[in-house]
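In what follows, a single structure is set out as structure tokens and then discussed.
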Amino acid sequence: MPTSRHPNADVRMRGFVEKTSVEAARNWLRSELNKFGLFASEETPLPNAATRILAVDIVSEVNVPEFERAMMDGFAVRALDVEGASPTNPVSLEVLGDAFPGQPFDGEVTAGKCVRTMTGSPLPAGVDAVLPLEQTRTDGNRVLAQQSIDKGRNVGSIGEDIRSGEVVLRAGRALRPQDLGLLSSIGVGSVTVVRRPRVRIIVTGNELLPAGSKPQSYRIVDANGPMRAALVQRDGGEPLFPGIVPDDREAILHALSDDAEIVLVSGGTSVGQEDLVPTLLAERGELAIHGIAMRPASPIGMGQLEGRLVFLLPGNPVACLCGYDVFAGTAVRVRGGRTANWPYRAVRATMAVDLKSPVGRFEYIRVLLTEAQVSPVPKSGASVLSSTTRADGFVIIPAECRGLEAGNEVEVFLYD
């Protein structure tokens, strides 16, 4: 139970007493995340490990390859035997047999002899180079070498790709498809990864219908639940979303107590008569922040309940997206072993128009990007979710700025 009550614990029908800066709110969140640290690790089969975060370094126990192999289709030869060979002065070699991937030639190659070999085949004993097929002519069971070759040419050496004892991947890495291929090549069948944070998604509102419904009369279909579940998955969390929660004190308390490490609430968090969540969090846990100097998403709240981080996000879907990106998504990523950085590709572009902003307010502006020119999306209210699908991305106006001027270069975060 908190020792003091937040001044914005109950702002229903009254408005916010004060607002926290984005910088101060981020500092609080950073401090809390440092206290929690990472989740425990778990083992997962390699085919399921894409995008997961490695919890330990991976050290190879084998060389790749474990044998010398041919890197071209052609003939495995002794370089000394074909010295001086040319189209006008070919060197004739006896072909002893064939080598294929997984089927080595059984025997040793001596002077004046060679073995027909395919790419990836084990190199026969006695040879030290592979003469490409296009540099030869065949004559019965003999081959005419038309080119000399250096020792070691077109030969893959032992451990050329990976050496035994080498650290191939470091802890903290988000596994990519090529990483799984590499791990498989050294015989790894499962990996130790950071456990995904369980994230309880709470959507409140008696006016809401579940996703998949059609809007009816004065009731609207939930957009925040599916959107936040996808955002949580993108950021490496495990979304838990059993359904819409009614605007009822006991139902909300029950949902807040569900088994999860992070709780994301949307709806019931602002100044309306039925916005119960901030008061409940203040009563049962800690409401550390409520009301932030930003647009959209100023009614955001943050706190804790029974060891869980709780984020109160606005019900308007654009504000919900903004609040998630600026605060809640950071917690999901960091607690799951990822960086705090936004998972958006950033580009530099030039402002086409002026964007004004009052000093002291952080702004998240949806924009269009046309031929490296940036302009705001028209019809961009906090409830106009289509503005985010029409937008190419967003720009940020920091609280200390009066806006962005036409002709200035800015950083654009792309939704792609």
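A note on labels: chains of the structure tokens are A, B, ... as shown, every chain counts residues from 1, and ligands are counted from 1 in their shown order.
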If we count only C-alpha atoms, what is near A:Gln147 at a cut-off of 10 Å, once residues fewer than 3 positions away on the same chain are taken out, given as a ChimeraX atom specification? /A:82-91,131-132,134-136,144
Store the residues of this selection in a file with N, CA and C atoms, as a PDB file, in the first residue's frame.
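Just written: again-v8.pdb:
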```pdb
ATOM      1  N   VAL A  82      49.660 -30.601 -62.318  1.00  0.00           N
ATOM      2  CA  VAL A  82      49.099 -29.822 -63.428  1.00  0.00           C
ATOM      3  C   VAL A  82      49.860 -28.516 -63.638  1.00  0.00           C
ATOM      4  N   GLU A  83      51.043 -28.412 -63.042  1.00  0.00           N
ATOM      5  CA  GLU A  83      51.856 -27.218 -63.214  1.00  0.00           C
ATOM      6  C   GLU A  83      52.198 -27.018 -64.681  1.00  0.00           C
ATOM      7  N   GLY A  84      51.951 -25.836 -65.217  1.00  0.00           N
ATOM      8  CA  GLY A  84      52.248 -25.514 -66.600  1.00  0.00           C
ATOM      9  C   GLY A  84      51.185 -25.924 -67.590  1.00  0.00           C
ATOM     10  N   ALA A  85      50.076 -26.536 -67.121  1.00  0.00           N
ATOM     11  CA  ALA A  85      49.017 -26.966 -68.045  1.00  0.00           C
ATOM     12  C   ALA A  85      48.342 -25.766 -68.679  1.00  0.00           C
ATOM     13  N   SER A  86      47.945 -25.918 -69.964  1.00  0.00           N
ATOM     14  CA  SER A  86      47.258 -24.861 -70.699  1.00  0.00           C
ATOM     15  C   SER A  86      46.446 -25.519 -71.808  1.00  0.00           C
ATOM     16  N   PRO A  87      45.557 -24.757 -72.481  1.00  0.00           N
ATOM     17  CA  PRO A  87      44.789 -25.343 -73.590  1.00  0.00           C
ATOM     18  C   PRO A  87      45.678 -25.914 -74.688  1.00  0.00           C
ATOM     19  N   THR A  88      46.834 -25.303 -74.913  1.00  0.00           N
ATOM     20  CA  THR A  88      47.737 -25.812 -75.961  1.00  0.00           C
ATOM     21  C   THR A  88      48.719 -26.836 -75.430  1.00  0.00           C
ATOM     22  N   ASN A  89      48.797 -26.949 -74.126  1.00  0.00           N
ATOM     23  CA  ASN A  89      49.717 -27.909 -73.515  1.00  0.00           C
ATOM     24  C   ASN A  89      49.013 -28.602 -72.344  1.00  0.00           C
ATOM     25  N   PRO A  90      47.923 -29.380 -72.643  1.00  0.00           N
ATOM     26  CA  PRO A  90      47.172 -30.024 -71.562  1.00  0.00           C
ATOM     27  C   PRO A  90      47.980 -31.129 -70.888  1.00  0.00           C
ATOM     28  N   VAL A  91      47.628 -31.382 -69.643  1.00  0.00           N
ATOM     29  CA  VAL A  91      48.254 -32.461 -68.873  1.00  0.00           C
ATOM     30  C   VAL A  91      47.232 -33.567 -68.683  1.00  0.00           C
ATOM     31  N   LEU A 131      40.479 -28.733 -59.539  1.00  0.00           N
ATOM     32  CA  LEU A 131      40.489 -28.086 -60.838  1.00  0.00           C
ATOM     33  C   LEU A 131      39.059 -28.014 -61.359  1.00  0.00           C
ATOM     34  N   PRO A 132      38.525 -26.799 -61.618  1.00  0.00           N
ATOM     35  CA  PRO A 132      37.135 -26.684 -62.064  1.00  0.00           C
ATOM     36  C   PRO A 132      36.881 -27.464 -63.358  1.00  0.00           C
ATOM     37  N   GLU A 134      35.227 -26.759 -65.992  1.00  0.00           N
ATOM     38  CA  GLU A 134      35.332 -26.006 -67.249  1.00  0.00           C
ATOM     39  C   GLU A 134      36.772 -25.796 -67.694  1.00  0.00           C
ATOM     40  N   GLN A 135      37.742 -26.163 -66.855  1.00  0.00           N
ATOM     41  CA  GLN A 135      39.152 -26.047 -67.229  1.00  0.00           C
ATOM     42  C   GLN A 135      39.742 -27.390 -67.617  1.00  0.00           C
ATOM     43  N   THR A 136      38.855 -28.328 -67.983  1.00  0.00           N
ATOM     44  CA  THR A 136      39.298 -29.678 -68.350  1.00  0.00           C
ATOM     45  C   THR A 136      38.540 -30.175 -69.576  1.00  0.00           C
ATOM     46  N   LEU A 144      41.993 -34.232 -69.330  1.00  0.00           N
ATOM     47  CA  LEU A 144      43.051 -33.348 -69.796  1.00  0.00           C
ATOM     48  C   LEU A 144      42.922 -32.012 -69.068  1.00  0.00           C
TER      49      LEU A 144
END
```
Stretch 33-132 of chain A: which residues are helix (DSSP H, G or I) by DSSP, as a ChimeraX atom specification? /A:33-36,46-48,79-82
How would the residues just chosen look if you wrote them out with C-alpha atoms as a compact mmCIF listing (two decimals), in the first residue's frame?
```txt
# COMPACT_ATOMS: atom_id res chain seq x y z
CA LEU A 33 12.90 -1.77 -14.82
CA ASN A 34 16.37 -1.73 -13.29
CA LYS A 35 14.88 -3.14 -10.09
CA PHE A 36 13.08 -5.97 -11.85
CA LEU A 46 15.49 -24.67 -32.35
CA PRO A 47 12.59 -24.53 -34.87
CA ASN A 48 10.64 -22.35 -32.38
CA ALA A 79 48.67 -28.98 -57.88
CA LEU A 80 52.19 -30.16 -58.75
CA ASP A 81 50.79 -32.55 -61.37
CA VAL A 82 49.10 -29.82 -63.43
```
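Note that the spacing between atom CA of A:Ile252 and atom CA of A:Asp222 amounts to 16.8 Å.
When atom CA of A:Ser41 is paired with atom CA of A:Glu306, their separation reads 22.1 Å.
Closest to A:Phe16 among A:Leu309, A:Ile300, A:Val374, A:Cys322 is A:Ile300, based on only C-alpha atoms.
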What's the 9 Å shell around stretch 119-121 of chain A, counting only C-alpha atoms, without same-chain residues fewer than 2 positions away, as an MDAnalysis selection string? chainID A and resid 68:74 99:105 117 123:124 156
What gap, in Å, lies between atom CA of A:Gly291 and atom CA of A:Arg361?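 Calculated distance between atom CA of A:Gly291 and atom CA of A:Arg361 is 11.9 Å.
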Pick the closest to A:Val263 from A:Val332, A:Ala251, A:Val167, A:Val62: which is it, counting only C-alpha atoms?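 Of A:Val332, A:Ala251, A:Val167, A:Val62, the one nearest A:Val263 is A:Val332, counting only C-alpha atoms.
Near stretch 223-226 of chain A, within 8 Å and counting only C-alpha atoms, sit Ile201, Ile202, Val203, Ala211, Phe241, Ser266, Gly315, Pro317 and Cys320 of chain A; same-chain residues fewer than 6 positions away were not included.
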Same residues, N, CA and C atoms, output as a PDB file, in the first residue's frame:
```pdb
ATOM      1  N   ILE A 201      -3.618  -8.008 -21.034  1.00  0.00           N
ATOM      2  CA  ILE A 201      -4.264  -6.907 -21.731  1.00  0.00           C
ATOM      3  C   ILE A 201      -5.686  -6.764 -21.200  1.00  0.00           C
ATOM      4  N   ILE A 202      -5.975  -5.603 -20.619  1.00  0.00           N
ATOM      5  CA  ILE A 202      -7.309  -5.333 -20.081  1.00  0.00           C
ATOM      6  C   ILE A 202      -7.937  -4.218 -20.904  1.00  0.00           C
ATOM      7  N   VAL A 203      -9.071  -4.512 -21.489  1.00  0.00           N
ATOM      8  CA  VAL A 203      -9.843  -3.512 -22.237  1.00  0.00           C
ATOM      9  C   VAL A 203     -11.179  -3.359 -21.528  1.00  0.00           C
ATOM     10  N   ALA A 211     -13.858  -8.107 -30.825  1.00  0.00           N
ATOM     11  CA  ALA A 211     -13.325  -8.104 -32.191  1.00  0.00           C
ATOM     12  C   ALA A 211     -14.032  -9.167 -33.022  1.00  0.00           C
ATOM     13  N   PHE A 241      -5.188 -12.094 -23.336  1.00  0.00           N
ATOM     14  CA  PHE A 241      -6.346 -11.240 -23.571  1.00  0.00           C
ATOM     15  C   PHE A 241      -7.613 -12.104 -23.654  1.00  0.00           C
ATOM     16  N   SER A 266      -6.569  -0.375 -21.031  1.00  0.00           N
ATOM     17  CA  SER A 266      -7.034   0.761 -21.847  1.00  0.00           C
ATOM     18  C   SER A 266      -8.511   0.965 -21.572  1.00  0.00           C
ATOM     19  N   GLY A 315      -8.341   5.120 -23.851  1.00  0.00           N
ATOM     20  CA  GLY A 315      -9.230   4.292 -24.665  1.00  0.00           C
ATOM     21  C   GLY A 315      -9.210   4.678 -26.129  1.00  0.00           C
ATOM     22  N   PRO A 317      -7.899   4.913 -29.613  1.00  0.00           N
ATOM     23  CA  PRO A 317      -6.898   3.966 -30.117  1.00  0.00           C
ATOM     24  C   PRO A 317      -5.572   4.590 -30.520  1.00  0.00           C
ATOM     25  N   CYS A 320      -3.802   5.267 -27.398  1.00  0.00           N
ATOM     26  CA  CYS A 320      -3.379   3.976 -26.836  1.00  0.00           C
ATOM     27  C   CYS A 320      -2.090   3.505 -27.507  1.00  0.00           C
TER      28      CYS A 320
END
```
List every residue of stretch 88-291 of chain A that DSSP, applied to the backbone of this structure, places in strand (DSSP E), and write the result as a short mmCIF file (atom, residue, chain, number, x, y, z; two decimals) with N, CA and C atoms, in the first residue's frame.
```cif
data_model
loop_
_atom_site.label_atom_id
_atom_site.label_comp_id
_atom_site.auth_asym_id
_atom_site.auth_seq_id
_atom_site.Cartn_x
_atom_site.Cartn_y
_atom_site.Cartn_z
N VAL A 91 47.63 -31.38 -69.64
CA VAL A 91 48.25 -32.46 -68.87
C VAL A 91 47.23 -33.57 -68.68
N SER A 92 47.59 -34.79 -69.05
CA SER A 92 46.67 -35.93 -68.95
C SER A 92 46.80 -36.60 -67.59
N LEU A 93 45.64 -36.79 -66.93
CA LEU A 93 45.60 -37.46 -65.62
C LEU A 93 44.63 -38.63 -65.67
N GLU A 94 44.95 -39.70 -64.97
CA GLU A 94 44.05 -40.84 -64.88
C GLU A 94 42.98 -40.58 -63.82
N VAL A 95 41.71 -40.82 -64.17
CA VAL A 95 40.61 -40.64 -63.24
C VAL A 95 40.40 -41.94 -62.47
N LEU A 96 40.64 -41.91 -61.16
CA LEU A 96 40.53 -43.12 -60.34
C LEU A 96 39.10 -43.45 -59.93
N GLY A 97 38.25 -42.43 -59.86
CA GLY A 97 36.88 -42.66 -59.40
C GLY A 97 36.19 -41.35 -59.09
N ASP A 98 35.15 -41.43 -58.28
CA ASP A 98 34.31 -40.27 -57.98
C ASP A 98 34.20 -40.03 -56.48
N ALA A 99 34.00 -38.76 -56.13
CA ALA A 99 33.68 -38.37 -54.74
C ALA A 99 32.41 -37.52 -54.78
N LYS A 113 47.42 -38.91 -61.15
CA LYS A 113 46.05 -39.39 -61.01
C LYS A 113 45.16 -38.30 -60.40
N CYS A 114 43.84 -38.49 -60.49
CA CYS A 114 42.89 -37.53 -59.92
C CYS A 114 41.57 -38.23 -59.63
N VAL A 115 40.66 -37.49 -58.99
CA VAL A 115 39.33 -38.01 -58.66
C VAL A 115 38.29 -36.99 -59.09
N ARG A 116 37.28 -37.46 -59.82
CA ARG A 116 36.15 -36.59 -60.17
C ARG A 116 35.39 -36.27 -58.89
N THR A 117 35.10 -34.98 -58.64
CA THR A 117 34.48 -34.59 -57.36
C THR A 117 33.40 -33.55 -57.56
N ALA A 129 44.13 -29.61 -54.29
CA ALA A 129 43.43 -28.57 -55.04
C ALA A 129 42.30 -29.22 -55.83
N VAL A 130 41.36 -28.38 -56.28
CA VAL A 130 40.26 -28.86 -57.13
C VAL A 130 40.28 -28.03 -58.41
N LEU A 131 40.48 -28.73 -59.54
CA LEU A 131 40.49 -28.09 -60.84
C LEU A 131 39.06 -28.01 -61.36
N PRO A 132 38.52 -26.80 -61.62
CA PRO A 132 37.14 -26.68 -62.06
C PRO A 132 36.88 -27.46 -63.36
N THR A 136 38.86 -28.33 -67.98
CA THR A 136 39.30 -29.68 -68.35
C THR A 136 38.54 -30.17 -69.58
N ARG A 137 39.10 -31.25 -70.18
CA ARG A 137 38.40 -32.04 -71.21
C ARG A 137 38.57 -33.50 -70.83
N THR A 138 37.54 -34.28 -71.04
CA THR A 138 37.62 -35.70 -70.70
C THR A 138 38.00 -36.51 -71.94
N ASP A 139 38.70 -37.61 -71.69
CA ASP A 139 39.12 -38.53 -72.76
C ASP A 139 39.09 -39.93 -72.19
N ARG A 142 40.41 -40.76 -68.69
CA ARG A 142 41.43 -39.77 -68.40
C ARG A 142 40.83 -38.37 -68.55
N VAL A 143 41.47 -37.40 -67.90
CA VAL A 143 41.04 -36.01 -68.03
C VAL A 143 42.25 -35.19 -68.46
N LEU A 144 41.99 -34.23 -69.33
CA LEU A 144 43.05 -33.35 -69.80
C LEU A 144 42.92 -32.01 -69.07
N ALA A 145 43.88 -31.74 -68.19
CA ALA A 145 43.89 -30.46 -67.45
C ALA A 145 44.41 -29.37 -68.35
N VAL A 155 39.43 -25.37 -52.27
CA VAL A 155 39.36 -26.36 -51.19
C VAL A 155 38.87 -25.65 -49.93
N GLY A 156 37.81 -26.18 -49.31
CA GLY A 156 37.34 -25.68 -48.03
C GLY A 156 38.08 -26.38 -46.91
N VAL A 167 32.97 -18.83 -29.82
CA VAL A 167 31.66 -18.29 -29.44
C VAL A 167 30.98 -17.82 -30.72
N VAL A 168 29.91 -18.50 -31.12
CA VAL A 168 29.27 -18.19 -32.40
C VAL A 168 28.16 -17.16 -32.26
N LEU A 169 27.47 -17.15 -31.12
CA LEU A 169 26.41 -16.16 -30.87
C LEU A 169 26.46 -15.76 -29.39
N SER A 190 18.33 -27.30 -29.42
CA SER A 190 17.50 -26.41 -28.60
C SER A 190 18.40 -25.34 -28.02
N VAL A 191 17.80 -24.21 -27.64
CA VAL A 191 18.59 -23.09 -27.12
C VAL A 191 17.96 -22.55 -25.84
N THR A 192 18.80 -21.95 -25.01
CA THR A 192 18.34 -21.32 -23.78
C THR A 192 18.06 -19.85 -24.07
N VAL A 193 16.81 -19.47 -23.88
CA VAL A 193 16.37 -18.12 -24.22
C VAL A 193 15.73 -17.45 -23.00
N VAL A 194 15.65 -16.12 -23.06
CA VAL A 194 14.96 -15.37 -22.01
C VAL A 194 13.46 -15.64 -22.14
N ARG A 198 4.84 -12.26 -19.61
CA ARG A 198 3.39 -12.41 -19.79
C ARG A 198 2.74 -11.06 -19.58
N VAL A 199 1.96 -10.64 -20.54
CA VAL A 199 1.37 -9.30 -20.52
C VAL A 199 -0.15 -9.41 -20.56
N ARG A 200 -0.78 -9.03 -19.44
CA ARG A 200 -2.25 -9.08 -19.37
C ARG A 200 -2.81 -7.82 -20.01
N ILE A 201 -3.62 -8.01 -21.03
CA ILE A 201 -4.26 -6.91 -21.73
C ILE A 201 -5.69 -6.76 -21.20
N ILE A 202 -5.98 -5.60 -20.62
CA ILE A 202 -7.31 -5.33 -20.08
C ILE A 202 -7.94 -4.22 -20.90
N VAL A 203 -9.07 -4.51 -21.49
CA VAL A 203 -9.84 -3.51 -22.24
C VAL A 203 -11.18 -3.36 -21.53
N LEU A 208 -18.34 -1.52 -25.57
CA LEU A 208 -17.51 -2.24 -26.53
C LEU A 208 -18.08 -3.60 -26.90
N LEU A 209 -17.88 -3.97 -28.15
CA LEU A 209 -18.18 -5.30 -28.67
C LEU A 209 -16.87 -5.99 -28.98
N ILE A 220 -19.53 0.15 -30.12
CA ILE A 220 -18.42 0.09 -31.07
C ILE A 220 -17.60 -1.17 -30.83
N VAL A 221 -16.83 -1.55 -31.85
CA VAL A 221 -16.03 -2.78 -31.77
C VAL A 221 -14.64 -2.45 -31.21
N GLU A 238 4.27 -12.17 -24.36
CA GLU A 238 3.20 -13.16 -24.52
C GLU A 238 1.89 -12.49 -24.10
N PRO A 239 1.05 -12.08 -25.06
CA PRO A 239 -0.19 -11.38 -24.69
C PRO A 239 -1.24 -12.32 -24.12
N LEU A 240 -1.89 -11.86 -23.06
CA LEU A 240 -2.99 -12.60 -22.44
C LEU A 240 -4.23 -11.71 -22.52
N ILE A 262 3.27 -7.96 -16.45
CA ILE A 262 2.97 -6.60 -16.90
C ILE A 262 1.48 -6.54 -17.21
N VAL A 263 0.85 -5.45 -16.84
CA VAL A 263 -0.58 -5.27 -17.09
C VAL A 263 -0.78 -3.99 -17.90
N LEU A 264 -1.51 -4.12 -18.99
CA LEU A 264 -1.84 -2.97 -19.84
C LEU A 264 -3.35 -2.77 -19.82
N VAL A 265 -3.78 -1.63 -19.31
CA VAL A 265 -5.21 -1.32 -19.25
C VAL A 265 -5.50 -0.22 -20.26
N SER A 266 -6.57 -0.37 -21.03
CA SER A 266 -7.03 0.76 -21.85
C SER A 266 -8.51 0.96 -21.57
N GLU A 286 0.20 0.88 -6.16
CA GLU A 286 0.86 2.19 -6.24
C GLU A 286 0.52 2.83 -7.57
N LEU A 287 -0.06 4.01 -7.53
CA LEU A 287 -0.24 4.84 -8.71
C LEU A 287 0.87 5.87 -8.67
N ALA A 288 1.97 5.58 -9.37
CA ALA A 288 3.15 6.45 -9.30
C ALA A 288 2.99 7.67 -10.18
N ILE A 289 2.33 7.50 -11.33
CA ILE A 289 2.17 8.58 -12.30
C ILE A 289 0.77 8.50 -12.89
N HIS A 290 0.13 9.65 -13.01
CA HIS A 290 -1.15 9.72 -13.72
C HIS A 290 -1.29 11.11 -14.30
#
```
Return the single residue from A:Gly107, A:Thr204, A:Gly267, A:Gly236 that is closest to A:Ala340, with distances computed using only C-alpha atoms.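 When distances to A:Ala340 are compared using only C-alpha atoms, the smallest one comes from A:Gly236.
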Using only C-alpha atoms, which residues of stretch 350-371 of chain A come within 6 Å of stretch 396-413 of chain A, and what is the closest atom pair for each, with the distance in Å to one decimal? Give it as CSV, sorted by chain and residue number.
```
residue,atom,partner,partner_atom,distance
A:Thr350,CA,A:Glu409,CA,4.3
A:Met351,CA,A:Ala406,CA,4.7
A:Ala352,CA,A:Ala406,CA,5.1
A:Val353,CA,A:Ala406,CA,4.4
A:Asp354,CA,A:Glu405,CA,4.4
A:Leu355,CA,A:Leu404,CA,5.0
A:Lys356,CA,A:Gly403,CA,4.3
A:Ser357,CA,A:Gly403,CA,4.7
A:Pro358,CA,A:Arg402,CA,5.5
A:Val359,CA,A:Arg402,CA,5.3
A:Gly360,CA,A:Ala399,CA,4.4
A:Arg361,CA,A:Ala399,CA,4.5
A:Phe362,CA,A:Ala399,CA,4.3
A:Glu363,CA,A:Ile397,CA,5.0
A:Tyr364,CA,A:Ile396,CA,4.9
```
Which residues are near A:Glu23? Cut-off 10 Å, only C-alpha atoms, ignore same chain within fewer than 2 positions. Put them as a PyMOL selection string. chain A and resi 20-21+25-29+292-293+362+398-399
Would you export the selected residues with C-alpha atoms as a PDB file, in the first residue's frame, please?
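As written to disk, selection.pdb reads:
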```pdb
ATOM      1  CA  THR A  20       4.308  14.719 -15.216  1.00  0.00           C
ATOM      2  CA  SER A  21       6.833  15.371 -17.985  1.00  0.00           C
ATOM      3  CA  ALA A  25       7.919   9.439 -16.460  1.00  0.00           C
ATOM      4  CA  ARG A  26      10.620   7.673 -18.463  1.00  0.00           C
ATOM      5  CA  ASN A  27      13.070   8.085 -15.602  1.00  0.00           C
ATOM      6  CA  TRP A  28      10.582   6.464 -13.210  1.00  0.00           C
ATOM      7  CA  LEU A  29      10.043   3.593 -15.625  1.00  0.00           C
ATOM      8  CA  ILE A 292       1.594  13.193 -18.594  1.00  0.00           C
ATOM      9  CA  ALA A 293       2.369  16.363 -20.556  1.00  0.00           C
ATOM     10  CA  PHE A 362       5.789  16.186 -25.927  1.00  0.00           C
ATOM     11  CA  PRO A 398      10.266  17.167 -27.760  1.00  0.00           C
ATOM     12  CA  ALA A 399       8.782  19.079 -24.840  1.00  0.00           C
TER      13      ALA A 399
END
```
Rank nothing, just name the residue among A:Leu253, A:Val326, A:Leu321, A:Ala372 nearest to A:Thr389, using only C-alpha atoms.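 Looking at the shortest contact to A:Thr389, the residue is A:Leu321.
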With distances taken over only C-alpha atoms, the candidate from A:Arg196, A:Arg219, A:Arg348, A:Arg163 nearest A:Arg52 is A:Arg196
Excluding A:Pro197 and residues on its chain fewer than 4 positions from it, collect all residues at most 10 Å away from it, counting only C-alpha atoms, and give them as a PyMOL selection string. chain A and resi 38-40+232+235-239+260-262+331-337
Selection from above, N, CA and C atoms, as a PDB file, in the first residue's frame, can you write it?
```
ATOM      1  N   LEU A  38      15.867  -9.052 -15.727  1.00  0.00           N
ATOM      2  CA  LEU A  38      15.324  -9.947 -16.748  1.00  0.00           C
ATOM      3  C   LEU A  38      14.545 -11.089 -16.118  1.00  0.00           C
ATOM      4  N   PHE A  39      13.738 -11.736 -16.939  1.00  0.00           N
ATOM      5  CA  PHE A  39      13.048 -12.946 -16.505  1.00  0.00           C
ATOM      6  C   PHE A  39      14.004 -14.127 -16.526  1.00  0.00           C
ATOM      7  N   ALA A  40      13.559 -15.217 -15.930  1.00  0.00           N
ATOM      8  CA  ALA A  40      14.337 -16.449 -15.959  1.00  0.00           C
ATOM      9  C   ALA A  40      14.434 -16.956 -17.397  1.00  0.00           C
ATOM     10  N   VAL A 232       2.431  -6.328 -28.418  1.00  0.00           N
ATOM     11  CA  VAL A 232       3.127  -7.123 -27.409  1.00  0.00           C
ATOM     12  C   VAL A 232       3.903  -8.260 -28.072  1.00  0.00           C
ATOM     13  N   ASP A 235       7.007  -7.028 -29.712  1.00  0.00           N
ATOM     14  CA  ASP A 235       8.058  -6.655 -28.778  1.00  0.00           C
ATOM     15  C   ASP A 235       8.555  -7.818 -27.930  1.00  0.00           C
ATOM     16  N   GLY A 236       8.138  -9.029 -28.275  1.00  0.00           N
ATOM     17  CA  GLY A 236       8.677 -10.207 -27.605  1.00  0.00           C
ATOM     18  C   GLY A 236       7.934 -10.643 -26.374  1.00  0.00           C
ATOM     19  N   GLY A 237       6.716 -10.137 -26.157  1.00  0.00           N
ATOM     20  CA  GLY A 237       5.927 -10.554 -24.997  1.00  0.00           C
ATOM     21  C   GLY A 237       4.892 -11.605 -25.369  1.00  0.00           C
ATOM     22  N   GLU A 238       4.275 -12.168 -24.356  1.00  0.00           N
ATOM     23  CA  GLU A 238       3.200 -13.156 -24.521  1.00  0.00           C
ATOM     24  C   GLU A 238       1.887 -12.494 -24.099  1.00  0.00           C
ATOM     25  N   PRO A 239       1.050 -12.080 -25.057  1.00  0.00           N
ATOM     26  CA  PRO A 239      -0.189 -11.376 -24.693  1.00  0.00           C
ATOM     27  C   PRO A 239      -1.238 -12.319 -24.120  1.00  0.00           C
ATOM     28  N   ALA A 260       0.304 -12.388 -14.414  1.00  0.00           N
ATOM     29  CA  ALA A 260       1.097 -11.753 -15.463  1.00  0.00           C
ATOM     30  C   ALA A 260       2.148 -10.880 -14.798  1.00  0.00           C
ATOM     31  N   GLU A 261       3.200 -10.542 -15.552  1.00  0.00           N
ATOM     32  CA  GLU A 261       4.229  -9.665 -15.010  1.00  0.00           C
ATOM     33  C   GLU A 261       3.975  -8.205 -15.362  1.00  0.00           C
ATOM     34  N   ILE A 262       3.274  -7.958 -16.455  1.00  0.00           N
ATOM     35  CA  ILE A 262       2.969  -6.600 -16.902  1.00  0.00           C
ATOM     36  C   ILE A 262       1.478  -6.539 -17.215  1.00  0.00           C
ATOM     37  N   ALA A 331       8.801  -1.394 -21.492  1.00  0.00           N
ATOM     38  CA  ALA A 331       8.822  -2.388 -20.412  1.00  0.00           C
ATOM     39  C   ALA A 331       8.762  -3.806 -20.966  1.00  0.00           C
ATOM     40  N   VAL A 332       7.923  -4.032 -21.957  1.00  0.00           N
ATOM     41  CA  VAL A 332       7.813  -5.373 -22.550  1.00  0.00           C
ATOM     42  C   VAL A 332       9.155  -5.785 -23.156  1.00  0.00           C
ATOM     43  N   ARG A 333       9.770  -4.876 -23.905  1.00  0.00           N
ATOM     44  CA  ARG A 333      11.028  -5.219 -24.561  1.00  0.00           C
ATOM     45  C   ARG A 333      12.153  -5.456 -23.554  1.00  0.00           C
ATOM     46  N   VAL A 334      12.306  -4.529 -22.616  1.00  0.00           N
ATOM     47  CA  VAL A 334      13.422  -4.630 -21.679  1.00  0.00           C
ATOM     48  C   VAL A 334      13.289  -5.851 -20.789  1.00  0.00           C
ATOM     49  N   ARG A 335      12.089  -6.117 -20.279  1.00  0.00           N
ATOM     50  CA  ARG A 335      11.928  -7.267 -19.384  1.00  0.00           C
ATOM     51  C   ARG A 335      12.082  -8.581 -20.121  1.00  0.00           C
ATOM     52  N   GLY A 336      11.932  -8.553 -21.442  1.00  0.00           N
ATOM     53  CA  GLY A 336      12.154  -9.756 -22.239  1.00  0.00           C
ATOM     54  C   GLY A 336      13.544  -9.854 -22.821  1.00  0.00           C
ATOM     55  N   GLY A 337      14.462  -8.968 -22.396  1.00  0.00           N
ATOM     56  CA  GLY A 337      15.847  -9.077 -22.826  1.00  0.00           C
ATOM     57  C   GLY A 337      16.208  -8.265 -24.046  1.00  0.00           C
TER      58      GLY A 337
END
```
